[in-house]
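Structure first, commentary second.
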Amino acid sequence: MATAQSRRVDYSESTRQALVDSAVYLFTKRGYSATSLDVIAKRARVTKGALYHHFSGKQALFEAAFGAVETAVMGRLAEVVAGPGSAWDRAMAGIQAYIKMCMEPSYQRIAIHEGPVVMGWERWREAEEHFSYGIVKAALESLIEAGEIEELPIEVTTRILFGALSSGATIIASSADPKKTAAEVATTITRVLEGLRAQAAPETADTVAPVRRLRG
């Protein structure tokens with residue numbers, strides 16, 4: 001009995017995953033408005049009845065697809081931020097990784113372009129915070145604890161940086177030249193953090209001069 005029940009659960013989970021995978025692919029390729037539930041079910045090789053068993057409708061399925069995309073992207077980003085090196089090196093690697101992820105088709109289409117329209121601004125913003133706010137906050141806490149940046153109110157600083165990253169993602173996704181814009185966004189956000197870093201450990205004239213000569 002337990003084995004039969006376990007098999008039913010596994011089948012149910014695999015069906016749901018197939019529908020979400022199908023939705024991610026089709027929403028990325030065609031967009032939300034041009035994708036029907038029929039074609040999603042067909043690509044997932046399940047009946048429409050099975051689709052409604054798992055999802056109340058198209059928006060519910062979109063939100064599941066949104067969650068799948070965000071989970072995958074933020075999972076990879078969390079690994080980078082928790083990787084080897086100093087807190088500063090990890091933060092810089094995290095910025096570069098996130099900017100690169102902003103150019104991925106599924107993240108651009110579903111998380112950035114379609115998300116606010118389909119889910120509504122408030123719901124989308126809440127979902128964005130749910131997936132990525134914690135990563136930004138943890139990275140800032142590590143920088144402060146390591147003495148890399150000035151000790152500032154963590155919640156306020158996190159929201160400001162989170163907003164900058166979110167706005168940067170939107171700018172990249174809307175750009176006619178995403179690669180160039182991505183580089184500009186990465187440079188700008190890095191410079192902002194460098195400004196905080198310089199204030200954290202004021203340099204004397206004796207230490208600044210050699211650095212300027214090297215940069216020159």
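Ordering of the structure tokens sets the chain letters (A, B, ...), residue numbers begin anew at 1 in every chain, and ligands are numbered from 1 in the order given.
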
(message) Need the shell around A:Ala18: protein/DNA/RNA residues with any atom at most 12 Å away, counting only C-alpha atoms. Skip same-chain ones fewer than 4 positions apart. Format as a PyMOL selection string?
(response) chain A and resi 11-14+22-25+40-47+50-51+54+61+64-65+68

Please save N, CA, C and O atoms of the selected residues as a PDB file, in the first residue's frame.
ATOM      1  N   TYR A  11       4.398  10.082  -9.431  1.00  0.00           N
ATOM      2  CA  TYR A  11       3.779  10.373 -10.720  1.00  0.00           C
ATOM      3  C   TYR A  11       3.184  11.773 -10.717  1.00  0.00           C
ATOM      4  O   TYR A  11       3.318  12.524 -11.685  1.00  0.00           O
ATOM      5  N   SER A  12       2.544  12.129  -9.613  1.00  0.00           N
ATOM      6  CA  SER A  12       1.945  13.454  -9.496  1.00  0.00           C
ATOM      7  C   SER A  12       3.004  14.545  -9.564  1.00  0.00           C
ATOM      8  O   SER A  12       2.835  15.561 -10.259  1.00  0.00           O
ATOM      9  N   GLU A  13       4.115  14.323  -8.867  1.00  0.00           N
ATOM     10  CA  GLU A  13       5.201  15.303  -8.872  1.00  0.00           C
ATOM     11  C   GLU A  13       5.846  15.412 -10.246  1.00  0.00           C
ATOM     12  O   GLU A  13       6.188  16.508 -10.700  1.00  0.00           O
ATOM     13  N   SER A  14       6.018  14.265 -10.921  1.00  0.00           N
ATOM     14  CA  SER A  14       6.629  14.289 -12.253  1.00  0.00           C
ATOM     15  C   SER A  14       5.709  14.974 -13.257  1.00  0.00           C
ATOM     16  O   SER A  14       6.166  15.667 -14.167  1.00  0.00           O
ATOM     17  N   SER A  22       7.351  22.646 -19.334  1.00  0.00           N
ATOM     18  CA  SER A  22       6.709  23.020 -20.593  1.00  0.00           C
ATOM     19  C   SER A  22       6.340  24.489 -20.598  1.00  0.00           C
ATOM     20  O   SER A  22       6.553  25.206 -21.589  1.00  0.00           O
ATOM     21  N   ALA A  23       5.814  24.968 -19.480  1.00  0.00           N
ATOM     22  CA  ALA A  23       5.425  26.375 -19.367  1.00  0.00           C
ATOM     23  C   ALA A  23       6.636  27.299 -19.471  1.00  0.00           C
ATOM     24  O   ALA A  23       6.587  28.324 -20.159  1.00  0.00           O
ATOM     25  N   VAL A  24       7.719  26.947 -18.808  1.00  0.00           N
ATOM     26  CA  VAL A  24       8.942  27.766 -18.877  1.00  0.00           C
ATOM     27  C   VAL A  24       9.406  27.882 -20.321  1.00  0.00           C
ATOM     28  O   VAL A  24       9.722  28.980 -20.816  1.00  0.00           O
ATOM     29  N   TYR A  25       9.445  26.760 -21.007  1.00  0.00           N
ATOM     30  CA  TYR A  25       9.908  26.753 -22.406  1.00  0.00           C
ATOM     31  C   TYR A  25       9.002  27.606 -23.293  1.00  0.00           C
ATOM     32  O   TYR A  25       9.483  28.455 -24.054  1.00  0.00           O
ATOM     33  N   ILE A  40       0.555  23.952 -23.722  1.00  0.00           N
ATOM     34  CA  ILE A  40       1.425  23.598 -22.594  1.00  0.00           C
ATOM     35  C   ILE A  40       1.196  22.143 -22.197  1.00  0.00           C
ATOM     36  O   ILE A  40       2.147  21.376 -22.000  1.00  0.00           O
ATOM     37  N   ALA A  41      -0.068  21.759 -22.088  1.00  0.00           N
ATOM     38  CA  ALA A  41      -0.395  20.376 -21.727  1.00  0.00           C
ATOM     39  C   ALA A  41       0.092  19.402 -22.794  1.00  0.00           C
ATOM     40  O   ALA A  41       0.632  18.335 -22.477  1.00  0.00           O
ATOM     41  N   LYS A  42      -0.083  19.785 -24.046  1.00  0.00           N
ATOM     42  CA  LYS A  42       0.348  18.918 -25.148  1.00  0.00           C
ATOM     43  C   LYS A  42       1.850  18.702 -25.119  1.00  0.00           C
ATOM     44  O   LYS A  42       2.332  17.571 -25.277  1.00  0.00           O
ATOM     45  N   ARG A  43       2.611  19.760 -24.919  1.00  0.00           N
ATOM     46  CA  ARG A  43       4.068  19.619 -24.884  1.00  0.00           C
ATOM     47  C   ARG A  43       4.516  18.800 -23.672  1.00  0.00           C
ATOM     48  O   ARG A  43       5.509  18.078 -23.740  1.00  0.00           O
ATOM     49  N   ALA A  44       3.777  18.904 -22.572  1.00  0.00           N
ATOM     50  CA  ALA A  44       4.109  18.144 -21.362  1.00  0.00           C
ATOM     51  C   ALA A  44       3.623  16.696 -21.455  1.00  0.00           C
ATOM     52  O   ALA A  44       3.928  15.878 -20.585  1.00  0.00           O
ATOM     53  N   ARG A  45       2.830  16.416 -22.496  1.00  0.00           N
ATOM     54  CA  ARG A  45       2.272  15.078 -22.726  1.00  0.00           C
ATOM     55  C   ARG A  45       1.352  14.650 -21.575  1.00  0.00           C
ATOM     56  O   ARG A  45       1.418  13.518 -21.085  1.00  0.00           O
ATOM     57  N   VAL A  46       0.511  15.576 -21.158  1.00  0.00           N
ATOM     58  CA  VAL A  46      -0.496  15.275 -20.142  1.00  0.00           C
ATOM     59  C   VAL A  46      -1.830  15.839 -20.616  1.00  0.00           C
ATOM     60  O   VAL A  46      -1.879  16.659 -21.536  1.00  0.00           O
ATOM     61  N   THR A  47      -2.904  15.404 -20.000  1.00  0.00           N
ATOM     62  CA  THR A  47      -4.224  15.916 -20.369  1.00  0.00           C
ATOM     63  C   THR A  47      -4.450  17.287 -19.738  1.00  0.00           C
ATOM     64  O   THR A  47      -3.790  17.656 -18.763  1.00  0.00           O
ATOM     65  N   ALA A  50      -5.375  16.922 -16.180  1.00  0.00           N
ATOM     66  CA  ALA A  50      -4.241  16.763 -15.267  1.00  0.00           C
ATOM     67  C   ALA A  50      -3.642  18.129 -14.939  1.00  0.00           C
ATOM     68  O   ALA A  50      -3.201  18.375 -13.812  1.00  0.00           O
ATOM     69  N   LEU A  51      -3.627  19.012 -15.926  1.00  0.00           N
ATOM     70  CA  LEU A  51      -3.111  20.367 -15.693  1.00  0.00           C
ATOM     71  C   LEU A  51      -3.952  21.069 -14.631  1.00  0.00           C
ATOM     72  O   LEU A  51      -3.408  21.658 -13.686  1.00  0.00           O
ATOM     73  N   HIS A  54      -3.394  20.277 -10.984  1.00  0.00           N
ATOM     74  CA  HIS A  54      -2.251  20.891 -10.309  1.00  0.00           C
ATOM     75  C   HIS A  54      -2.333  22.413 -10.252  1.00  0.00           C
ATOM     76  O   HIS A  54      -1.796  23.026  -9.322  1.00  0.00           O
ATOM     77  N   LEU A  61      -0.093  28.739 -13.249  1.00  0.00           N
ATOM     78  CA  LEU A  61       0.990  28.007 -13.906  1.00  0.00           C
ATOM     79  C   LEU A  61       2.156  28.947 -14.221  1.00  0.00           C
ATOM     80  O   LEU A  61       3.318  28.574 -14.083  1.00  0.00           O
ATOM     81  N   ALA A  64       4.167  29.436 -11.149  1.00  0.00           N
ATOM     82  CA  ALA A  64       5.010  28.265 -10.896  1.00  0.00           C
ATOM     83  C   ALA A  64       6.237  28.299 -11.795  1.00  0.00           C
ATOM     84  O   ALA A  64       7.353  27.958 -11.363  1.00  0.00           O
ATOM     85  N   ALA A  65       6.041  28.709 -13.046  1.00  0.00           N
ATOM     86  CA  ALA A  65       7.166  28.824 -13.978  1.00  0.00           C
ATOM     87  C   ALA A  65       8.123  29.921 -13.515  1.00  0.00           C
ATOM     88  O   ALA A  65       9.353  29.757 -13.562  1.00  0.00           O
ATOM     89  N   ALA A  68      10.140  28.597 -10.699  1.00  0.00           N
ATOM     90  CA  ALA A  68      11.167  27.647 -11.156  1.00  0.00           C
ATOM     91  C   ALA A  68      12.378  28.376 -11.721  1.00  0.00           C
ATOM     92  O   ALA A  68      13.528  28.018 -11.445  1.00  0.00           O
TER      93      ALA A  68
END

(request) Determine, counting only C-alpha atoms, which protein, DNA and RNA residues have an atom within 12 Å of an atom of A:His113; residues of the same chain fewer than 2 positions away are not included. Present the result as a ChimeraX atom specification. (result) /A:27-28,31-32,66,102-103,105-111,115-121,124,166,169-175

Could those selected residues go to a file with C-alpha atoms, as a tab-separated table (two decimals), in the first residue's frame?
chain	number	residue	atom	x	y	z
A	27	PHE	CA	6.45	31.30	-22.06
A	28	THR	CA	10.10	32.03	-22.88
A	31	GLY	CA	5.32	34.91	-24.25
A	32	TYR	CA	2.42	34.61	-21.84
A	66	PHE	CA	8.35	32.12	-12.52
A	102	CYS	CA	20.07	38.75	-16.54
A	103	MET	CA	20.86	38.04	-20.18
A	105	PRO	CA	16.29	34.26	-22.21
A	106	SER	CA	14.07	32.55	-19.61
A	107	TYR	CA	15.03	34.96	-16.83
A	108	GLN	CA	14.60	37.98	-19.09
A	109	ARG	CA	11.24	36.96	-20.52
A	110	ILE	CA	9.56	35.40	-17.50
A	111	ALA	CA	11.10	37.07	-14.46
A	115	GLY	CA	6.37	38.97	-14.37
A	116	PRO	CA	5.15	42.50	-13.51
A	117	VAL	CA	2.48	42.37	-16.23
A	118	VAL	CA	1.05	38.93	-15.44
A	119	MET	CA	1.39	38.98	-11.65
A	120	GLY	CA	0.88	42.69	-11.04
A	121	TRP	CA	3.61	45.00	-9.75
A	124	TRP	CA	5.84	40.49	-8.61
A	166	SER	CA	16.51	44.88	-9.88
A	169	ALA	CA	18.09	43.79	-14.67
A	170	THR	CA	15.16	45.72	-16.19
A	171	ILE	CA	17.51	48.11	-18.00
A	172	ILE	CA	19.48	45.20	-19.46
A	173	ALA	CA	16.36	43.34	-20.57
A	174	SER	CA	14.98	46.47	-22.29
A	175	SER	CA	18.24	47.48	-23.96

(message) With distances taken over only C-alpha atoms, which residue among A:Trp88, A:Phe162, A:Phe62, A:Tyr133 lies nearest A:Ser33?
(response) A:Phe62

(message) Which residue is closest to A:Gln96? Choose from A:Val136, A:Leu77, A:Ile160, A:Leu26 and count only C-alpha atoms.
(response) A:Leu77

(message) as number ranges by chain, please: the residues near stretch 188-199 of chain A (cut-off 12 Å, only C-alpha atoms, same-chain neighbours under 2 positions excluded).
(response) A: 87-89, 91-96, 98-99, 139-140, 143-144, 146-152, 157-158, 160-169, 181-186, 201-204, 208

(message) as number ranges by chain, please: every residue in stretch 96-214 of chain A that a backbone DSSP assignment puts in alpha helix (DSSP H).
(response) A: 96-101, 105-106, 115-119, 121-145, 154-174, 178-200, 205-214

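A straight line drawn from atom CA of A:Ala34 to atom CA of A:Gly67 is 20.1 Å long.
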
(request) Find the distance between atom CA of A:Phe131 and atom CA of A:Glu70 and write it in Å to one decimal. (result)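 Atom CA of A:Glu70 lies 6.6 Å from atom CA of A:Phe131.
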
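Going from atom CA of A:Tyr52 over to atom CA of A:Glu126, you cover 25.3 Å.
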